[in-house]
>>> print(open('data_2.txt').read())   # compact mmCIF, C-alpha atoms
# COMPACT_ATOMS: atom_id res chain seq x y z
CA MET A 1 -22.87 -67.20 0.67
CA ARG A 2 -26.24 -68.84 1.06
CA VAL A 3 -27.57 -68.46 4.60
CA LEU A 4 -30.65 -70.16 6.03
CA ILE A 5 -32.10 -68.10 8.88
CA VAL A 6 -34.04 -70.10 11.46
CA SER A 7 -36.41 -67.97 13.53
CA PRO A 8 -39.74 -69.04 15.07
CA TYR A 9 -41.67 -65.90 14.12
CA HIS A 10 -41.91 -64.65 10.56
CA PHE A 11 -43.79 -61.46 11.32
CA PRO A 12 -42.73 -58.15 12.92
CA GLY A 13 -43.21 -57.87 16.64
CA ASP A 14 -40.42 -59.04 18.91
CA GLY A 15 -36.65 -58.71 19.12
CA VAL A 16 -35.97 -62.15 17.66
CA ALA A 17 -37.99 -61.40 14.52
CA THR A 18 -36.42 -57.94 14.21
CA TYR A 19 -32.96 -59.50 14.38
CA ALA A 20 -33.83 -62.10 11.73
CA PHE A 21 -35.32 -59.61 9.26
CA ASN A 22 -32.47 -57.12 9.73
CA LEU A 23 -29.91 -59.90 9.23
CA SER A 24 -31.56 -61.07 6.02
CA GLU A 25 -31.76 -57.57 4.53
CA LEU A 26 -28.14 -56.84 5.42
CA LEU A 27 -26.86 -60.07 3.90
CA LYS A 28 -28.86 -59.59 0.70
CA ARG A 29 -27.62 -56.01 0.41
CA ASN A 30 -24.08 -57.38 0.46
CA GLY A 31 -24.68 -59.91 -2.29
CA HIS A 32 -25.59 -63.04 -0.31
CA GLU A 33 -28.70 -65.21 -0.60
CA THR A 34 -31.00 -65.91 2.33
CA ALA A 35 -34.00 -68.09 3.11
CA PHE A 36 -36.14 -68.54 6.22
CA PHE A 37 -37.29 -71.53 8.25
CA ALA A 38 -40.01 -70.54 10.70
CA MET A 39 -43.29 -71.60 12.28
CA GLN A 40 -46.57 -71.33 10.42
CA ASP A 41 -48.70 -68.42 11.64
CA GLU A 42 -51.53 -66.41 10.11
CA ARG A 43 -49.54 -63.24 10.87
CA ASN A 44 -46.52 -64.38 8.82
CA LEU A 45 -45.18 -62.31 5.97
CA PRO A 46 -45.31 -64.00 2.55
CA ASP A 47 -42.40 -66.38 1.95
CA PRO A 48 -41.57 -68.73 -0.95
CA ASN A 49 -40.74 -71.52 1.51
CA SER A 50 -43.73 -71.16 3.81
CA ASP A 51 -45.00 -74.59 2.69
CA LEU A 52 -42.08 -76.09 4.61
CA PHE A 53 -42.50 -74.07 7.79
CA VAL A 54 -43.14 -76.18 10.89
CA SER A 55 -46.76 -76.39 12.02
CA HIS A 56 -48.07 -73.84 14.51
CA ILE A 57 -48.19 -74.72 18.21
CA ASP A 58 -49.95 -72.65 20.86
CA PHE A 59 -48.15 -73.28 24.15
CA ILE A 60 -50.45 -70.89 26.01
CA GLU A 61 -53.56 -72.81 25.00
CA LEU A 62 -51.91 -76.14 25.78
CA SER A 63 -50.93 -74.91 29.24
CA ARG A 64 -54.57 -74.00 29.92
CA ARG A 65 -55.69 -77.57 29.25
CA LYS A 66 -53.35 -78.96 31.95
CA GLY A 67 -53.92 -82.55 30.84
CA VAL A 68 -51.56 -85.44 30.24
CA LEU A 69 -52.15 -85.27 26.49
CA ALA A 70 -51.34 -81.55 26.42
CA GLY A 71 -48.16 -82.18 28.41
CA LEU A 72 -47.06 -84.96 26.07
CA THR A 73 -47.76 -82.71 23.06
CA VAL A 74 -45.52 -80.01 24.49
CA LEU A 75 -42.70 -82.40 25.34
CA GLY A 76 -42.95 -84.08 21.96
CA ARG A 77 -42.52 -80.74 20.24
CA VAL A 78 -39.76 -79.20 22.36
CA ILE A 79 -37.53 -82.26 22.91
CA TYR A 80 -37.39 -83.77 19.41
CA SER A 81 -39.75 -82.88 16.59
CA ARG A 82 -39.67 -85.31 13.68
CA GLU A 83 -41.81 -82.91 11.68
CA ALA A 84 -39.33 -80.06 12.11
CA ARG A 85 -36.36 -82.21 11.09
CA ARG A 86 -38.21 -83.61 8.06
CA LYS A 87 -39.33 -80.18 6.84
CA LEU A 88 -35.92 -78.65 7.42
CA GLY A 89 -34.39 -81.47 5.39
CA LYS A 90 -36.68 -80.66 2.48
CA LEU A 91 -35.80 -76.98 2.74
CA LEU A 92 -32.08 -77.80 2.77
CA ASP A 93 -32.59 -79.84 -0.41
CA ARG A 94 -34.33 -76.85 -1.96
CA PHE A 95 -32.01 -74.04 -0.83
CA HIS A 96 -28.57 -75.68 -0.20
CA PRO A 97 -27.21 -73.21 2.39
CA ASP A 98 -23.56 -72.80 3.31
CA VAL A 99 -24.49 -71.77 6.87
CA ILE A 100 -27.56 -72.10 9.09
CA HIS A 101 -28.07 -69.16 11.45
CA THR A 102 -30.48 -70.10 14.23
CA GLN A 103 -32.24 -68.28 17.05
CA GLY A 104 -35.11 -69.17 19.37
CA PHE A 105 -35.59 -72.58 17.77
CA GLN A 106 -35.71 -74.73 20.92
CA HIS A 107 -39.39 -74.56 21.84
CA PHE A 108 -40.84 -74.25 18.37
CA MET A 109 -38.63 -76.47 16.18
CA SER A 110 -36.74 -78.47 18.84
CA PRO A 111 -33.06 -79.51 18.68
CA SER A 112 -33.97 -82.10 16.03
CA ILE A 113 -33.06 -79.55 13.37
CA LEU A 114 -29.47 -79.56 14.64
CA PHE A 115 -29.24 -83.30 13.97
CA GLU A 116 -30.20 -82.70 10.33
CA ALA A 117 -27.65 -79.89 9.97
CA ASN A 118 -24.92 -82.02 11.54
CA LYS A 119 -25.76 -84.98 9.31
CA ARG A 120 -25.39 -82.81 6.22
CA ARG A 121 -22.23 -81.11 7.56
CA ILE A 122 -23.73 -77.64 7.42
CA PRO A 123 -22.29 -75.39 10.16
CA VAL A 124 -24.69 -73.77 12.62
CA VAL A 125 -24.30 -70.29 14.11
CA HIS A 126 -26.70 -69.50 16.94
CA THR A 127 -27.58 -66.05 18.30
CA LEU A 128 -28.42 -66.02 22.00
CA HIS A 129 -31.39 -63.79 22.84
CA ASP A 130 -32.17 -65.22 26.27
CA PHE A 131 -30.93 -67.73 28.84
CA LYS A 132 -32.75 -70.79 27.53
CA MET A 133 -29.62 -72.91 27.23
CA ILE A 134 -28.64 -72.40 30.88
CA CYS A 135 -32.03 -71.78 32.50
CA PRO A 136 -34.95 -74.19 31.99
CA ASN A 137 -37.31 -71.26 32.65
CA THR A 138 -35.54 -69.22 29.94
CA SER A 139 -35.49 -65.89 31.82
CA MET A 140 -33.57 -66.61 35.04
CA ILE A 141 -36.70 -65.49 36.87
CA ASN A 142 -38.69 -67.53 39.36
CA ASP A 143 -42.26 -67.09 38.13
CA ARG A 144 -43.63 -67.96 41.55
CA THR A 145 -41.62 -65.41 43.56
CA GLY A 146 -40.81 -62.92 40.79
CA GLY A 147 -37.14 -62.74 41.75
CA VAL A 148 -33.97 -63.30 39.71
CA CYS A 149 -32.83 -66.93 40.13
CA GLU A 150 -29.64 -68.75 39.13
CA ALA A 151 -30.28 -71.96 41.05
CA CYS A 152 -29.66 -74.16 37.99
CA LYS A 153 -25.98 -73.23 37.76
CA SER A 154 -23.63 -76.22 37.40
CA GLY A 155 -26.31 -78.20 35.58
CA ARG A 156 -28.70 -78.55 38.52
CA TYR A 157 -31.72 -78.72 36.25
CA TYR A 158 -33.82 -80.42 38.90
CA MET A 159 -34.12 -77.09 40.74
CA PRO A 160 -37.23 -75.92 38.81
CA VAL A 161 -39.14 -78.86 40.29
CA LEU A 162 -38.08 -77.92 43.81
CA LYS A 163 -38.78 -74.21 43.33
CA ARG A 164 -41.85 -74.46 41.08
CA CYS A 165 -40.25 -71.63 39.11
CA LYS A 166 -42.06 -72.25 35.80
CA LYS A 167 -45.46 -70.54 36.00
CA GLY A 168 -45.63 -71.54 39.67
CA SER A 169 -46.64 -74.99 38.43
CA LEU A 170 -45.16 -78.37 39.34
CA ALA A 171 -46.15 -79.84 35.95
CA ALA A 172 -44.66 -76.96 33.95
CA SER A 173 -41.51 -76.95 36.08
CA LEU A 174 -41.11 -80.71 35.67
CA ALA A 175 -41.48 -80.39 31.89
CA ALA A 176 -38.83 -77.65 31.85
CA SER A 177 -36.43 -79.85 33.83
CA ILE A 178 -37.04 -82.84 31.55
CA GLU A 179 -36.37 -80.71 28.49
CA ALA A 180 -33.11 -79.40 29.99
CA TYR A 181 -31.82 -82.87 30.82
CA ALA A 182 -32.87 -84.12 27.37
CA ASP A 183 -30.78 -81.34 25.81
CA VAL A 184 -27.79 -82.52 27.85
CA LEU A 185 -28.27 -86.13 26.72
CA MET A 186 -28.54 -85.01 23.08
CA ASP A 187 -25.49 -82.74 23.44
CA VAL A 188 -27.40 -79.76 22.04
CA ARG A 189 -24.62 -77.35 23.06
CA GLY A 190 -22.03 -79.31 21.13
CA ARG A 191 -24.12 -79.46 17.96
CA ILE A 192 -23.82 -75.70 17.45
CA ASP A 193 -20.57 -74.50 15.86
CA ALA A 194 -20.52 -70.92 17.15
CA TYR A 195 -22.58 -68.70 19.43
CA ILE A 196 -23.23 -64.97 19.06
CA SER A 197 -23.91 -63.00 22.22
CA PRO A 198 -25.18 -59.44 21.63
CA SER A 199 -24.17 -58.30 25.14
CA ASP A 200 -21.08 -58.88 27.23
CA PHE A 201 -23.38 -59.53 30.18
CA LEU A 202 -25.04 -62.49 28.47
CA ARG A 203 -21.70 -63.87 27.28
CA ASN A 204 -20.28 -63.72 30.81
CA LYS A 205 -23.35 -65.45 32.24
CA PHE A 206 -22.95 -68.32 29.80
CA ILE A 207 -19.26 -68.63 30.66
CA GLU A 208 -20.20 -68.71 34.37
CA HIS A 209 -22.56 -71.57 33.57
CA GLY A 210 -19.93 -73.67 31.82
CA PHE A 211 -19.91 -72.61 28.16
CA PRO A 212 -16.42 -72.42 26.57
CA LYS A 213 -15.55 -68.75 26.14
CA ASP A 214 -13.73 -69.30 22.84
CA ASN A 215 -17.01 -70.34 21.22
CA LEU A 216 -18.97 -67.31 22.48
CA HIS A 217 -18.57 -64.32 20.17
CA HIS A 218 -19.68 -60.88 21.34
CA ILE A 219 -21.32 -59.18 18.34
CA PRO A 220 -23.66 -56.31 19.36
CA ASN A 221 -27.06 -56.04 17.70
CA MET A 222 -27.11 -53.77 14.69
CA LEU A 223 -29.26 -50.85 13.69
CA PRO A 224 -30.08 -50.43 9.98
CA GLU A 225 -29.04 -47.02 8.70
CA ASP A 226 -32.62 -46.02 7.92
CA THR A 227 -33.53 -46.23 11.62
CA PHE A 228 -31.39 -43.19 12.44
CA VAL A 229 -33.05 -39.76 12.34
CA GLU A 230 -31.24 -36.69 11.04
CA LYS A 231 -32.53 -34.21 13.59
CA VAL A 232 -32.85 -34.93 17.29
CA THR A 233 -35.95 -33.33 18.82
CA GLY A 234 -37.82 -33.44 22.12
CA GLY A 235 -41.30 -34.70 22.92
CA ASP A 236 -44.07 -34.54 25.48
CA TYR A 237 -44.55 -38.07 26.84
CA ILE A 238 -42.71 -41.11 28.20
CA LEU A 239 -43.00 -44.12 25.90
CA PHE A 240 -42.85 -47.87 26.49
CA ILE A 241 -42.50 -50.15 23.45
CA GLY A 242 -42.29 -53.92 23.58
CA ARG A 243 -44.15 -56.88 24.98
CA VAL A 244 -46.58 -55.72 27.68
CA ASP A 245 -45.39 -58.27 30.20
CA PRO A 246 -44.63 -58.24 33.95
CA LEU A 247 -40.97 -59.11 33.23
CA LYS A 248 -40.70 -55.88 31.26
CA GLY A 249 -41.55 -53.88 34.38
CA ILE A 250 -44.83 -52.72 32.96
CA ARG A 251 -46.61 -52.90 36.32
CA GLU A 252 -43.88 -50.79 37.92
CA LEU A 253 -44.21 -48.26 35.09
CA ILE A 254 -47.97 -48.02 35.58
CA GLN A 255 -47.51 -47.56 39.34
CA ALA A 256 -44.92 -44.84 38.71
CA ALA A 257 -47.37 -43.14 36.35
CA ARG A 258 -49.99 -43.14 39.10
CA GLN A 259 -47.48 -41.24 41.26
CA THR A 260 -46.89 -38.70 38.46
CA PRO A 261 -50.35 -37.84 37.08
CA GLU A 262 -48.91 -34.77 35.38
CA ILE A 263 -46.75 -36.92 33.07
CA LYS A 264 -48.20 -38.51 29.94
CA VAL A 265 -47.20 -42.13 29.38
CA LYS A 266 -47.87 -44.17 26.25
CA ILE A 267 -47.58 -47.96 25.97
CA ALA A 268 -47.22 -49.79 22.65
CA GLY A 269 -46.88 -53.53 22.19
CA ARG A 270 -48.51 -56.92 22.31
CA ILE A 271 -50.23 -57.68 25.63
CA ALA A 272 -49.09 -60.83 27.43
CA PRO A 273 -51.90 -63.19 28.50
CA SER A 274 -51.12 -62.53 32.17
CA MET A 275 -51.96 -58.84 31.70
CA VAL A 276 -55.10 -58.86 29.58
CA ASP A 277 -57.20 -57.99 32.64
CA GLU A 278 -54.98 -55.00 33.47
CA VAL A 279 -54.18 -53.38 30.13
CA PRO A 280 -55.86 -51.27 29.01
CA SER A 281 -58.89 -51.52 31.34
CA THR A 282 -57.23 -50.46 34.62
CA LEU A 283 -54.80 -47.82 33.35
CA PRO A 284 -54.76 -44.41 35.08
CA PRO A 285 -55.97 -41.38 33.05
CA ASN A 286 -52.43 -40.24 32.13
CA VAL A 287 -51.50 -43.62 30.59
CA GLU A 288 -52.63 -44.56 27.08
CA TYR A 289 -52.35 -47.99 25.48
CA MET A 290 -51.61 -47.59 21.77
CA GLY A 291 -51.77 -51.24 20.66
CA LEU A 292 -49.09 -53.06 18.70
CA LYS A 293 -47.25 -50.65 16.40
CA SER A 294 -44.65 -51.20 13.70
CA GLY A 295 -43.11 -49.42 10.73
CA ASP A 296 -43.97 -45.75 10.22
CA GLU A 297 -46.52 -45.78 13.04
CA LEU A 298 -43.89 -46.92 15.53
CA ARG A 299 -41.30 -44.46 14.25
CA SER A 300 -43.80 -41.63 14.59
CA LEU A 301 -44.62 -42.71 18.14
CA VAL A 302 -40.94 -42.77 19.09
CA ALA A 303 -40.33 -39.40 17.43
CA GLY A 304 -42.98 -37.75 19.62
CA ALA A 305 -41.55 -39.09 22.89
CA LEU A 306 -39.30 -37.19 25.26
CA ALA A 307 -37.77 -40.45 26.52
CA LEU A 308 -38.38 -44.19 26.51
CA ALA A 309 -38.83 -46.32 29.61
CA VAL A 310 -37.42 -49.85 29.79
CA PRO A 311 -37.93 -50.79 33.48
CA SER A 312 -37.43 -54.55 33.05
CA THR A 313 -37.07 -56.68 36.15
CA TRP A 314 -35.17 -59.53 34.47
CA TYR A 315 -31.72 -59.86 32.91
CA GLU A 316 -32.35 -58.20 29.56
CA ASN A 317 -29.79 -59.05 26.91
CA GLN A 318 -29.60 -56.12 24.49
CA PRO A 319 -33.13 -54.77 23.94
CA PHE A 320 -33.95 -53.44 20.49
CA SER A 321 -36.30 -50.97 22.17
CA ILE A 322 -33.28 -49.21 23.68
CA LEU A 323 -31.30 -49.30 20.44
CA GLU A 324 -34.24 -47.98 18.42
CA ALA A 325 -34.69 -45.18 20.94
CA PHE A 326 -31.00 -44.28 20.62
CA ALA A 327 -31.24 -44.23 16.81
CA ALA A 328 -34.11 -41.76 17.14
CA GLY A 329 -32.04 -39.61 19.50
CA LYS A 330 -34.10 -40.44 22.59
CA PRO A 331 -32.69 -41.08 26.08
CA VAL A 332 -33.83 -44.16 27.97
CA ILE A 333 -34.89 -44.67 31.57
CA ALA A 334 -33.83 -48.26 32.22
CA SER A 335 -33.32 -50.69 35.06
CA ASP A 336 -29.78 -50.99 36.39
CA LEU A 337 -29.72 -54.67 35.49
CA GLY A 338 -28.30 -57.08 32.92
CA GLY A 339 -27.21 -55.94 29.48
CA MET A 340 -29.13 -52.66 29.80
CA THR A 341 -26.29 -51.18 31.84
CA GLU A 342 -23.95 -51.59 28.85
CA LEU A 343 -26.20 -49.36 26.76
CA VAL A 344 -27.62 -46.74 29.13
CA LYS A 345 -24.81 -44.78 30.74
CA ASP A 346 -26.44 -42.99 33.65
CA GLY A 347 -26.72 -39.25 33.12
CA GLU A 348 -25.16 -39.44 29.66
CA ARG A 349 -27.47 -41.54 27.48
CA GLY A 350 -30.37 -41.83 29.91
CA LEU A 351 -31.04 -42.71 33.53
CA LEU A 352 -30.62 -45.99 35.43
CA VAL A 353 -32.96 -46.95 38.27
CA PRO A 354 -32.91 -49.93 40.65
CA PRO A 355 -35.06 -52.73 39.19
CA GLY A 356 -38.54 -52.82 40.69
CA ASP A 357 -38.14 -49.49 42.51
CA VAL A 358 -41.34 -47.61 41.65
CA ASP A 359 -40.39 -44.46 43.60
CA LYS A 360 -37.02 -44.11 41.85
CA LEU A 361 -38.66 -44.74 38.49
CA ALA A 362 -41.21 -41.99 39.16
CA GLN A 363 -38.41 -39.63 40.24
CA SER A 364 -36.48 -40.31 37.02
CA MET A 365 -39.57 -39.65 34.94
CA LYS A 366 -40.04 -36.33 36.74
CA ARG A 367 -36.37 -35.45 36.23
CA VAL A 368 -36.57 -36.01 32.48
CA VAL A 369 -39.79 -34.04 32.06
CA ALA A 370 -38.51 -31.17 34.22
CA ASN A 371 -35.32 -30.86 32.15
CA PRO A 372 -36.27 -31.32 28.48
CA ASP A 373 -33.06 -29.69 27.20
CA ALA A 374 -30.98 -32.13 29.20
CA ALA A 375 -33.10 -34.98 27.82
CA ILE A 376 -32.44 -33.84 24.26
CA GLU A 377 -28.70 -33.67 24.95
CA MET A 378 -28.73 -37.21 26.38
CA GLY A 379 -30.61 -38.27 23.25
CA ARG A 380 -27.87 -36.81 21.04
CA ASN A 381 -25.23 -38.64 23.05
CA ALA A 382 -27.21 -41.85 22.70
CA GLN A 383 -27.42 -41.50 18.93
CA VAL A 384 -23.66 -40.89 18.61
CA TYR A 385 -23.01 -43.99 20.70
CA ALA A 386 -25.41 -46.09 18.61
CA ARG A 387 -23.71 -45.05 15.37
CA GLU A 388 -20.30 -45.98 16.76
CA LYS A 389 -21.16 -49.31 18.37
CA HIS A 390 -24.18 -50.66 16.51
CA SER A 391 -23.68 -49.81 12.86
CA ALA A 392 -24.76 -52.27 10.20
CA ASP A 393 -21.27 -52.24 8.64
CA ALA A 394 -19.54 -53.32 11.85
CA PHE A 395 -22.13 -56.03 12.46
CA TYR A 396 -21.79 -57.34 8.90
CA ARG A 397 -18.00 -57.57 9.06
CA SER A 398 -18.13 -59.54 12.32
CA VAL A 399 -20.90 -61.91 11.23
CA ILE A 400 -19.52 -62.70 7.79
CA GLU A 401 -16.09 -63.35 9.29
CA LEU A 402 -17.70 -65.82 11.69
CA TYR A 403 -19.57 -67.52 8.84
CA TYR A 404 -16.35 -68.10 6.89
CA GLN A 405 -14.64 -69.33 10.06
CA VAL A 406 -17.24 -72.03 10.76
CA VAL A 407 -17.34 -73.08 7.11
CA ASP A 408 -13.54 -73.47 7.07
CA GLU A 409 -13.58 -75.40 10.34
CA MET A 410 -16.29 -77.72 9.04
CA GLY A 411 -14.14 -78.50 6.03
CA GLU A 412 -11.28 -79.54 8.27
CA ARG A 413 -13.35 -81.97 10.37
CA PRO A 414 -13.73 -85.66 9.55
CA PRO A 415 -17.26 -86.70 8.56
CA CYS A 416 -19.46 -87.84 11.42
CA ASP A 417 -22.79 -89.63 11.63
CA HIS A 418 -25.41 -87.93 13.86
>>> encode(input="data_2.txt", output="structure tokens")
Amino acid sequence: MRVLIVSPYHFPGDGVATYAFNLSELLKRNGHETAFFAMQDERNLPDPNSDLFVSHIDFIELSRRKGVLAGLTVLGRVIYSREARRKLGKLLDRFHPDVIHTQGFQHFMSPSILFEANKRRIPVVHTLHDFKMICPNTSMINDRTGGVCEACKSGRYYMPVLKRCKKGSLAASLAASIEAYADVLMDVRGRIDAYISPSDFLRNKFIEHGFPKDNLHHIPNMLPEDTFVEKVTGGDYILFIGRVDPLKGIRELIQAARQTPEIKVKIAGRIAPSMVDEVPSTLPPNVEYMGLKSGDELRSLVAGALALAVPSTWYENQPFSILEAFAAGKPVIASDLGGMTELVKDGERGLLVPPGDVDKLAQSMKRVVANPDAAIEMGRNAQVYAREKHSADAFYRSVIELYYQVVDEMGERPPCDH
């Protein structure tokens, strides 16, 4: 098969990019051909089709301008991008894929690419990494209050305007609502042939919000074989890896570290704009910011940890940080929330704490450090679980079966003009 992978970022860093690169390597290893369609970025890895990548857009910079022109630029990009459709069309002429596998395309390429795929009768498989298709604010978090919010259930996409949930801003919330209603008018949901949900939690949320369950396929994220370590060992610090963002519970982790000055904590990842004034300048002495790490540097950092902390305060789907910790034989201290509860079995593969509870997080950190042998045993359990449930072979079988299914179904449908 020839598979075009659509992913906004073409450089290592976040879970979406990790998924895309892992998928490509796995497919190529099994004799298939892959190509990428992404956004232009100076951090991108070399790619033979980079000339057809969609132009870069900096939503953070545009939000700072807060002008009418900036708002129109954002809406023009996220609702229907002629540039994205035109460039995708050229790439389809060049590569001729059997299947298009998308993820995270909405903001950066817009649904216009689906129109081009539908016109050419190329089936689209979409992996869900967040709640974008049922929550205009993407995360099911009210940015103004910081709490979990499901007010948009049943298609009430006007709720962001009433709650100011997007960045606490009326303008941003209005834009999010407009985008959501535009997606409904363009039938974005119906233009995708099959959805992959890495976690049962995410799948169930989408069903609750009106998605047909027969079109939502639960396929857990995979771990490449080379991510597993042969020997499980202990360590001497608690590690956080991922985006340094309030939604990831990073502030709660720092507060918990202040309560446990005897415990070393290391933080690795890209700093969100909202935290540049806090990390690393205001960290307590026992917390060290390591910067963004990848490859051997990241593996070495994980290997030296006693446990990883994933204290997110939003509905995580299936974090790669937890899976990568498990592959390295490390237990995880995670929030008892969302898809994390499917991975971290309390007391067996790590510890679960109430989301946002700094005291309980600090207690769990103390418990792990005080019982290193127990931590190592939980790490072994976690690695066994990861091999059983997240192997590359199992992932490949499920995904390739889904590809053939959507190709066969496309062949049975009458042609349509989109």
>>> residues_around(input="data_2.txt", residues="Val407 in chain A", least_positions_apart="2", cutoff="8 Å", atoms="all atoms listed in the file", output="PyMOL selection string")
chain A and resi 98-99+122-123+403-405+409-411
>>> write_last_selection(input="data_2.txt", atoms="C-alpha atoms", output="PDB file, in the frame of the given file")
ATOM      1  CA  ASP A  98     -23.560 -72.800   3.310  1.00  0.00           C
ATOM      2  CA  VAL A  99     -24.490 -71.770   6.870  1.00  0.00           C
ATOM      3  CA  ILE A 122     -23.730 -77.640   7.420  1.00  0.00           C
ATOM      4  CA  PRO A 123     -22.290 -75.390  10.160  1.00  0.00           C
ATOM      5  CA  TYR A 403     -19.570 -67.520   8.840  1.00  0.00           C
ATOM      6  CA  TYR A 404     -16.350 -68.100   6.890  1.00  0.00           C
ATOM      7  CA  GLN A 405     -14.640 -69.330  10.060  1.00  0.00           C
ATOM      8  CA  GLU A 409     -13.580 -75.400  10.340  1.00  0.00           C
ATOM      9  CA  MET A 410     -16.290 -77.720   9.040  1.00  0.00           C
ATOM     10  CA  GLY A 411     -14.140 -78.500   6.030  1.00  0.00           C
TER      11      GLY A 411
END
>>> residues_around(input="data_2.txt", residues="range 339-352 of chain A", least_positions_apart="2", cutoff="7 Å", atoms="all atoms listed in the file", output="list in words")
Ser199, Phe201, Leu202, Tyr315, Glu316, Asn317, Gln318, Pro331, Val332, Ile333, Ala334, Ser335, Asp336, Leu337, Pro354, Ser364, Met378, Gly379, Asn381 and Ala382 of chain A
>>> closest_atom_pairs(input="data_2.txt", of="range 5-38 of chain A", to="range 290-307 of chain A", cutoff="12 Å", atoms="all atoms listed in the file", output="tab-separated table")
residue	atom	partner	partner_atom	distance
A:Phe11	CA	A:Ser294	CA	10.6
A:Pro12	CA	A:Ser294	CA	7.3
A:Gly13	CA	A:Ser294	CA	7.4
A:Asp14	CA	A:Ser294	CA	10.3
A:Thr18	CA	A:Ser294	CA	10.6
>>> closest_residue(input="data_2.txt", among="A:Val399, A:Ala386, A:Ile178, A:Leu253", to="Ile241 in chain A", atoms="only C-alpha atoms")
A:Leu253
>>> residues_around(input="data_2.txt", residues="range 138-140 of chain A", least_positions_apart="5", cutoff="10 Å", atoms="all atoms listed in the file", output="list in words")
His129, Asp130, Phe131, Lys132, Met133, Gly146, Gly147, Val148, Cys149, Glu150, Ala151, Cys152, Cys165, Lys166, Ala176, Leu247, Trp314, Tyr315 and Glu316 of chain A
>>> residues_around(input="data_2.txt", residues="Leu27 in chain A", least_positions_apart="6", cutoff="10 Å", atoms="all atoms listed in the file", output="PyMOL selection string")
chain A and resi 1-3+33-34+396+399-400
>>> build_atoms(input="data_2.txt", residues="range 282-295 of chain A", atoms="N, CA and C atoms", output="JSON list (two decimals), keeping the file's coordinate frame")
[["chain", "number", "residue", "atom", "x", "y", "z"],
["A", 282, "THR", "N", -57.47, -51.05, 33.30],
["A", 282, "THR", "CA", -57.23, -50.46, 34.62],
["A", 282, "THR", "C", -56.15, -49.38, 34.60],
["A", 283, "LEU", "N", -55.85, -48.84, 33.44],
["A", 283, "LEU", "CA", -54.80, -47.82, 33.35],
["A", 283, "LEU", "C", -55.29, -46.49, 33.94],
["A", 284, "PRO", "N", -54.39, -45.74, 34.58],
["A", 284, "PRO", "CA", -54.76, -44.41, 35.08],
["A", 284, "PRO", "C", -54.98, -43.45, 33.91],
["A", 285, "PRO", "N", -55.61, -42.30, 34.14],
["A", 285, "PRO", "CA", -55.97, -41.38, 33.05],
["A", 285, "PRO", "C", -54.77, -40.87, 32.23],
["A", 286, "ASN", "N", -53.60, -40.79, 32.85],
["A", 286, "ASN", "CA", -52.43, -40.24, 32.13],
["A", 286, "ASN", "C", -51.66, -41.30, 31.35],
["A", 287, "VAL", "N", -52.16, -42.54, 31.33],
["A", 287, "VAL", "CA", -51.50, -43.62, 30.59],
["A", 287, "VAL", "C", -52.41, -44.09, 29.46],
["A", 288, "GLU", "N", -51.85, -44.17, 28.27],
["A", 288, "GLU", "CA", -52.63, -44.56, 27.08],
["A", 288, "GLU", "C", -52.00, -45.79, 26.43],
["A", 289, "TYR", "N", -52.82, -46.81, 26.20],
["A", 289, "TYR", "CA", -52.35, -47.99, 25.48],
["A", 289, "TYR", "C", -52.60, -47.79, 23.99],
["A", 290, "MET", "N", -51.54, -47.90, 23.20],
["A", 290, "MET", "CA", -51.61, -47.59, 21.77],
["A", 290, "MET", "C", -51.79, -48.82, 20.88],
["A", 291, "GLY", "N", -51.71, -50.03, 21.47],
["A", 291, "GLY", "CA", -51.77, -51.24, 20.66],
["A", 291, "GLY", "C", -50.39, -51.61, 20.13],
["A", 292, "LEU", "N", -50.35, -52.63, 19.30],
["A", 292, "LEU", "CA", -49.09, -53.06, 18.70],
["A", 292, "LEU", "C", -48.79, -52.17, 17.50],
["A", 293, "LYS", "N", -47.62, -51.55, 17.48],
["A", 293, "LYS", "CA", -47.25, -50.65, 16.40],
["A", 293, "LYS", "C", -45.97, -51.15, 15.72],
["A", 294, "SER", "N", -45.86, -50.86, 14.44],
["A", 294, "SER", "CA", -44.65, -51.20, 13.70],
["A", 294, "SER", "C", -44.50, -50.22, 12.55],
["A", 295, "GLY", "N", -43.35, -50.26, 11.90],
["A", 295, "GLY", "CA", -43.11, -49.42, 10.73],
["A", 295, "GLY", "C", -43.21, -47.94, 11.01]]
